[in-house]
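S.K.: Below is the structure I would like to discuss, written out as structure tokens.
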Amino acid sequence: MSSTAPQSTDVLVIGAGISGLIAAYNLSKAGKSVQVVEARDRVGGRAWTDTSLGFPVELGCMAIHGYIEGNPVKRYASELWLETKLLPNSPGTLLTTDGPVDKALAAKLSSNLSAAMAHLATTASTSPSQELKGSSVADILLSRSSPLYEGLSDNDRPKATSLARSLEIGWGISLESTSASYAGWASDIAFAGSDGVVVGGYGKFAEALKSAAEKTGKAEFALGAPVEKVARVENGIEVVAKNGKSYRARTALSTIPLGVLKVLPNNFFDPPLPPRKRLVLERTSVGALEKLCLTYDSLWWDPQAGPFTLLTDNAVILAIPLSENPATLHVLIPHSVLNLSGDEVHSMLAKAIAPGKTVPAPTKVFGSSWKEDALSLGATSSPVAVGEDRTPLDLAEAARPVWNGILGFAGEATEMDHRGSVPGALLSGEREAKRIIDLLNRRKS
């Protein structure tokens, strides 16, 4: 540890992802002094925008879901003088590994999935909890009597099963692993419907939050400083970073991702977290989703046909055309096919989008690796997984402060109604900033 006297501030924020940045921004605007300590050499966390191609490629969070339905990202972007835009609603093209699916059948499959999801939500909300105990989403959604298969031939039923796997893209876990008891939880208040983007990418949004916090004169950022200990000390909290520096403040806010919290040693927090919080962190599931970018020296698909939804035996792969020059596909790789190489994904897409044709090989392939990244260990929290005593209230417990309120927790996995999303991260940062401001003001008075 450095012999330099530890810094003393109002709030230490551990992590400069969206939740930490929003907290720092709101705290500093309220006149509270803030020290942000971030392990990466950049801000944003799982909001990561690559600009190596001359345009933004999102390798973490992507769209502003619920763009005209009140997503708070849009409000903050406006406050930060960032441009946002509404994305066109395109039905895209549904594919099997052998080529495009007939449009009428594609529409029928989509309609059936919507009906099956509505049936699932109704079943979950009206059935006694004991009746669904231990049941998975697959048990209901993929049952032989499910609306998913209504009016389909035996040959087309497997396509319906495959399309249902598209839910796993956002969930990060399988239908078989997802609890049926809480299917549709918070769906009435989730931000959904229209989609938009931050022009320039979420990385630009993250940098703007950092800059705005710094301009208040109340916020400082230490990057490239992984934290190795958080301890309660006299009159506050001390955070010790692996670079040998330590920081002290009256309060602290941890925005460490759930995947990392799950594997921290018990002595990372001193005193240790309460047993109930540790139990909740252990049993809350983390999903997996990766982003892959494929660029080509010539355009080989119809730019009006995207996005492309590819049905495979065990996964749905979504490919979104990003640019015509250079020709670029942005591909979402779900948890069940993370072992696929970029070349394998390209071959599958080429065969499905342009069957029987020769297409160029990609000139550049790059992407994310959130599951293997030691600072994330996964994409986001998943829906409630099948298992004894697991409920959405686990996320509420994950959000509870400890140590008489001076150590708080934020991040998408602490927002019961908006988990697994940018709004979840944002709202958790807002929530904790307000709580800490109130706490500090009460102590001051």
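Identifiers for the structure tokens are assigned positionally: chains receive A, B, ... in sequence, residues are indexed from 1 per chain, and ligands are indexed from 1 in the order shown.
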Report the residues of stretch 75-109 of chain A whose backbone DSSP state falls under strand (DSSP E), written as a list in words.
M.R.: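 Strand (DSSP E) assignments inside stretch 75-109 of chain A correspond to Thr84, Lys85, Leu86, Thr93, Leu94, Leu95, Thr96, Gly99 and Pro100 of chain A.
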S.K.: Let me see the file: selected residues, N, CA and C atoms, as a PDB file, in the first residue's frame.
M.R.:
```pdb
ATOM      1  N   THR A  84     -29.491  11.469 -30.555  1.00  0.00           N
ATOM      2  CA  THR A  84     -30.055  10.120 -30.629  1.00  0.00           C
ATOM      3  C   THR A  84     -30.975  10.046 -31.842  1.00  0.00           C
ATOM      4  N   LYS A  85     -31.285   8.837 -32.270  1.00  0.00           N
ATOM      5  CA  LYS A  85     -32.212   8.713 -33.404  1.00  0.00           C
ATOM      6  C   LYS A  85     -33.006   7.426 -33.292  1.00  0.00           C
ATOM      7  N   LEU A  86     -34.201   7.477 -33.832  1.00  0.00           N
ATOM      8  CA  LEU A  86     -35.095   6.329 -33.873  1.00  0.00           C
ATOM      9  C   LEU A  86     -34.690   5.417 -35.022  1.00  0.00           C
ATOM     10  N   THR A  93     -35.510 -10.804 -42.332  1.00  0.00           N
ATOM     11  CA  THR A  93     -35.666 -12.067 -43.041  1.00  0.00           C
ATOM     12  C   THR A  93     -35.392 -13.225 -42.090  1.00  0.00           C
ATOM     13  N   LEU A  94     -36.324 -14.165 -42.049  1.00  0.00           N
ATOM     14  CA  LEU A  94     -36.159 -15.370 -41.237  1.00  0.00           C
ATOM     15  C   LEU A  94     -35.519 -16.446 -42.098  1.00  0.00           C
ATOM     16  N   LEU A  95     -34.491 -17.089 -41.554  1.00  0.00           N
ATOM     17  CA  LEU A  95     -33.714 -18.058 -42.311  1.00  0.00           C
ATOM     18  C   LEU A  95     -33.597 -19.379 -41.560  1.00  0.00           C
ATOM     19  N   THR A  96     -33.480 -20.457 -42.303  1.00  0.00           N
ATOM     20  CA  THR A  96     -32.965 -21.709 -41.755  1.00  0.00           C
ATOM     21  C   THR A  96     -31.551 -21.863 -42.294  1.00  0.00           C
ATOM     22  N   GLY A  99     -31.602 -21.652 -46.110  1.00  0.00           N
ATOM     23  CA  GLY A  99     -32.065 -20.506 -46.875  1.00  0.00           C
ATOM     24  C   GLY A  99     -33.261 -19.829 -46.236  1.00  0.00           C
ATOM     25  N   PRO A 100     -33.826 -18.834 -46.929  1.00  0.00           N
ATOM     26  CA  PRO A 100     -34.941 -18.065 -46.382  1.00  0.00           C
ATOM     27  C   PRO A 100     -36.193 -18.892 -46.170  1.00  0.00           C
TER      28      PRO A 100
END
```
S.K.: A:Lys351: which residues within 7 Å, counting only C-alpha atoms, same-chain residues fewer than 4 positions away excluded, as a list in words?
M.R.: Thr97, Asp98, Gly99, Ser347 and Pro355 of chain A
S.K.: So which bits of stretch 108-215 of chain A end up alpha helix (DSSP H) when you DSSP the backbone, as a PyMOL selection string?
M.R.: chain A and resi 108-126+129-132+137-141+157-164+167-171+202-215
S.K.: Using only C-alpha atoms, I'd like a table of the residues in stretch 362-390 of chain A that come within 8 Å of stretch 173-178 of chain A; for each, show the closest atom pair and its distance in Å rounded to one decimal, ordered by chain and ascending number, as JSON lines.
M.R.:
```
{"residue": "A:Ser382", "atom": "CA", "partner": "A:Ile173", "partner_atom": "CA", "distance": 6.7}
{"residue": "A:Pro383", "atom": "CA", "partner": "A:Thr178", "partner_atom": "CA", "distance": 6.5}
{"residue": "A:Val384", "atom": "CA", "partner": "A:Thr178", "partner_atom": "CA", "distance": 6.1}
{"residue": "A:Ala385", "atom": "CA", "partner": "A:Thr178", "partner_atom": "CA", "distance": 4.4}
{"residue": "A:Val386", "atom": "CA", "partner": "A:Thr178", "partner_atom": "CA", "distance": 5.5}
```
S.K.: Convert the current residue selection to file output with N, CA and C atoms, as a PDB file, in the first residue's frame.
M.R.:
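Output saved as again-v5.pdb:
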```
ATOM      1  N   SER A 382     -29.525 -12.818 -15.621  1.00  0.00           N
ATOM      2  CA  SER A 382     -30.550 -13.487 -16.421  1.00  0.00           C
ATOM      3  C   SER A 382     -31.895 -13.380 -15.719  1.00  0.00           C
ATOM      4  N   PRO A 383     -32.981 -13.787 -16.381  1.00  0.00           N
ATOM      5  CA  PRO A 383     -34.245 -13.945 -15.653  1.00  0.00           C
ATOM      6  C   PRO A 383     -34.067 -14.973 -14.533  1.00  0.00           C
ATOM      7  N   VAL A 384     -35.031 -15.044 -13.641  1.00  0.00           N
ATOM      8  CA  VAL A 384     -34.951 -15.983 -12.520  1.00  0.00           C
ATOM      9  C   VAL A 384     -34.779 -17.406 -13.063  1.00  0.00           C
ATOM     10  N   ALA A 385     -33.765 -18.081 -12.568  1.00  0.00           N
ATOM     11  CA  ALA A 385     -33.500 -19.451 -13.009  1.00  0.00           C
ATOM     12  C   ALA A 385     -34.296 -20.441 -12.169  1.00  0.00           C
ATOM     13  N   VAL A 386     -34.513 -21.620 -12.737  1.00  0.00           N
ATOM     14  CA  VAL A 386     -35.192 -22.684 -12.007  1.00  0.00           C
ATOM     15  C   VAL A 386     -34.369 -23.018 -10.770  1.00  0.00           C
TER      16      VAL A 386
END
```
S.K.: When you draw a straight line from atom CA of A:Pro271 to atom CA of A:Val230, how long is it in Å?
M.R.: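 Distance between the two atoms: 8.8 Å.
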S.K.: Between A:Ser445, A:Ser194, A:Ser127, A:Thr414, which residue has the minimum interatomic distance to A:Ala399, considering only C-alpha atoms?
M.R.: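 Looking at the shortest contact to A:Ala399, the residue is A:Thr414.
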S.K.: Give the answer as one residue: which of A:Gly151, A:Gly70, A:Pro307, A:Pro128 has the shortest atom-to-atom distance to A:Ala319, using only C-alpha atoms?
M.R.: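 The closest residue to A:Ala319 is A:Pro307.
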S.K.: Which residues, written as a VMD selection string, have at least one atom at most 8 Å from A:Asp139, with only C-alpha atoms counted and residues fewer than 4 positions away on the same chain left out?
M.R.: chain A and resid 135 143 176 180
S.K.: So, with only C-alpha atoms as the atoms that count, which of A:Cys293, A:Val37, A:Ala24, A:Ala164 lies closest to A:Val365?
M.R.: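 Ranked by minimum distance to A:Val365, first place goes to A:Cys293.
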S.K.: So how far away is atom CA of A:Ala39 from atom CA of A:Thr251, in Å?
M.R.: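 Separation between atom CA of A:Thr251 and atom CA of A:Ala39: 19.3 Å.
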S.K.: Hey, which of A:Asn235, A:Asn339, A:Asn325, A:Ser285 ends up closest to A:Thr380? Count only C-alpha atoms.
M.R.: A:Ser285
S.K.: For A:Ile140, please output as JSON, numbers by chain all residues within 9 Å (counting only C-alpha atoms; exclusion window: fewer than 3 positions along the same chain).
M.R.: {"A": [116, 119, 120, 123, 135, 136, 137, 143, 144, 145, 146, 180]}
S.K.: Grab the residues selected above and save them as a PDB file, in the first residue's frame with N, CA, C and O atoms.
M.R.:
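Once everything was written out, this is part27.pdb:
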```pdb
ATOM      1  N   ALA A 116     -47.873 -17.691 -27.772  1.00  0.00           N
ATOM      2  CA  ALA A 116     -47.319 -18.607 -26.774  1.00  0.00           C
ATOM      3  C   ALA A 116     -46.728 -17.846 -25.590  1.00  0.00           C
ATOM      4  O   ALA A 116     -46.854 -18.275 -24.439  1.00  0.00           O
ATOM      5  N   HIS A 119     -49.613 -16.698 -23.480  1.00  0.00           N
ATOM      6  CA  HIS A 119     -50.110 -17.840 -22.710  1.00  0.00           C
ATOM      7  C   HIS A 119     -49.188 -18.150 -21.530  1.00  0.00           C
ATOM      8  O   HIS A 119     -49.651 -18.427 -20.406  1.00  0.00           O
ATOM      9  N   LEU A 120     -47.889 -18.074 -21.758  1.00  0.00           N
ATOM     10  CA  LEU A 120     -46.910 -18.317 -20.699  1.00  0.00           C
ATOM     11  C   LEU A 120     -47.059 -17.300 -19.573  1.00  0.00           C
ATOM     12  O   LEU A 120     -47.076 -17.670 -18.386  1.00  0.00           O
ATOM     13  N   THR A 123     -50.245 -17.964 -17.623  1.00  0.00           N
ATOM     14  CA  THR A 123     -50.071 -19.148 -16.780  1.00  0.00           C
ATOM     15  C   THR A 123     -49.253 -18.813 -15.536  1.00  0.00           C
ATOM     16  O   THR A 123     -49.593 -19.221 -14.420  1.00  0.00           O
ATOM     17  N   SER A 135     -40.878 -25.764 -12.436  1.00  0.00           N
ATOM     18  CA  SER A 135     -41.156 -25.778 -13.877  1.00  0.00           C
ATOM     19  C   SER A 135     -40.326 -24.729 -14.599  1.00  0.00           C
ATOM     20  O   SER A 135     -40.090 -23.630 -14.077  1.00  0.00           O
ATOM     21  N   SER A 136     -39.922 -25.049 -15.799  1.00  0.00           N
ATOM     22  CA  SER A 136     -39.156 -24.114 -16.618  1.00  0.00           C
ATOM     23  C   SER A 136     -40.045 -23.492 -17.683  1.00  0.00           C
ATOM     24  O   SER A 136     -41.153 -23.976 -17.960  1.00  0.00           O
ATOM     25  N   VAL A 137     -39.567 -22.434 -18.289  1.00  0.00           N
ATOM     26  CA  VAL A 137     -40.271 -21.832 -19.418  1.00  0.00           C
ATOM     27  C   VAL A 137     -40.472 -22.856 -20.528  1.00  0.00           C
ATOM     28  O   VAL A 137     -41.527 -22.907 -21.161  1.00  0.00           O
ATOM     29  N   SER A 143     -44.422 -27.129 -24.769  1.00  0.00           N
ATOM     30  CA  SER A 143     -45.298 -28.286 -24.590  1.00  0.00           C
ATOM     31  C   SER A 143     -46.085 -28.541 -25.878  1.00  0.00           C
ATOM     32  O   SER A 143     -46.300 -27.637 -26.680  1.00  0.00           O
ATOM     33  N   ARG A 144     -46.535 -29.763 -26.072  1.00  0.00           N
ATOM     34  CA  ARG A 144     -47.210 -30.116 -27.320  1.00  0.00           C
ATOM     35  C   ARG A 144     -48.479 -29.299 -27.527  1.00  0.00           C
ATOM     36  O   ARG A 144     -48.890 -29.049 -28.664  1.00  0.00           O
ATOM     37  N   SER A 145     -49.119 -28.865 -26.439  1.00  0.00           N
ATOM     38  CA  SER A 145     -50.364 -28.099 -26.557  1.00  0.00           C
ATOM     39  C   SER A 145     -50.136 -26.593 -26.613  1.00  0.00           C
ATOM     40  O   SER A 145     -51.091 -25.821 -26.643  1.00  0.00           O
ATOM     41  N   SER A 146     -48.902 -26.174 -26.653  1.00  0.00           N
ATOM     42  CA  SER A 146     -48.591 -24.752 -26.654  1.00  0.00           C
ATOM     43  C   SER A 146     -49.109 -24.063 -27.922  1.00  0.00           C
ATOM     44  O   SER A 146     -49.067 -24.644 -29.022  1.00  0.00           O
ATOM     45  N   ALA A 180     -40.429 -20.807 -14.898  1.00  0.00           N
ATOM     46  CA  ALA A 180     -41.732 -20.428 -15.441  1.00  0.00           C
ATOM     47  C   ALA A 180     -42.526 -19.579 -14.449  1.00  0.00           C
ATOM     48  O   ALA A 180     -43.417 -18.827 -14.844  1.00  0.00           O
TER      49      ALA A 180
END
```
S.K.: Could you jot down the atom CA of A:Pro326 to atom CA of A:Ile64 separation for me, Å, one decimal place?
M.R.: 24.6 Å
S.K.: Pick out the residues sitting within 7 Å of stretch 154-161 of chain A, and hand them over as a PyMOL selection string; count only C-alpha atoms, and ignore anything fewer than 3 positions along from it in its own chain.
M.R.: chain A and resi 109+142+148-149+164-165
S.K.: When distances are computed from only C-alpha atoms, which of A:Gly45, A:Pro274, A:Gly193, A:Leu87 shows the smallest separation from A:Gly66?
M.R.: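 When distances to A:Gly66 are compared using only C-alpha atoms, the smallest one comes from A:Gly193.
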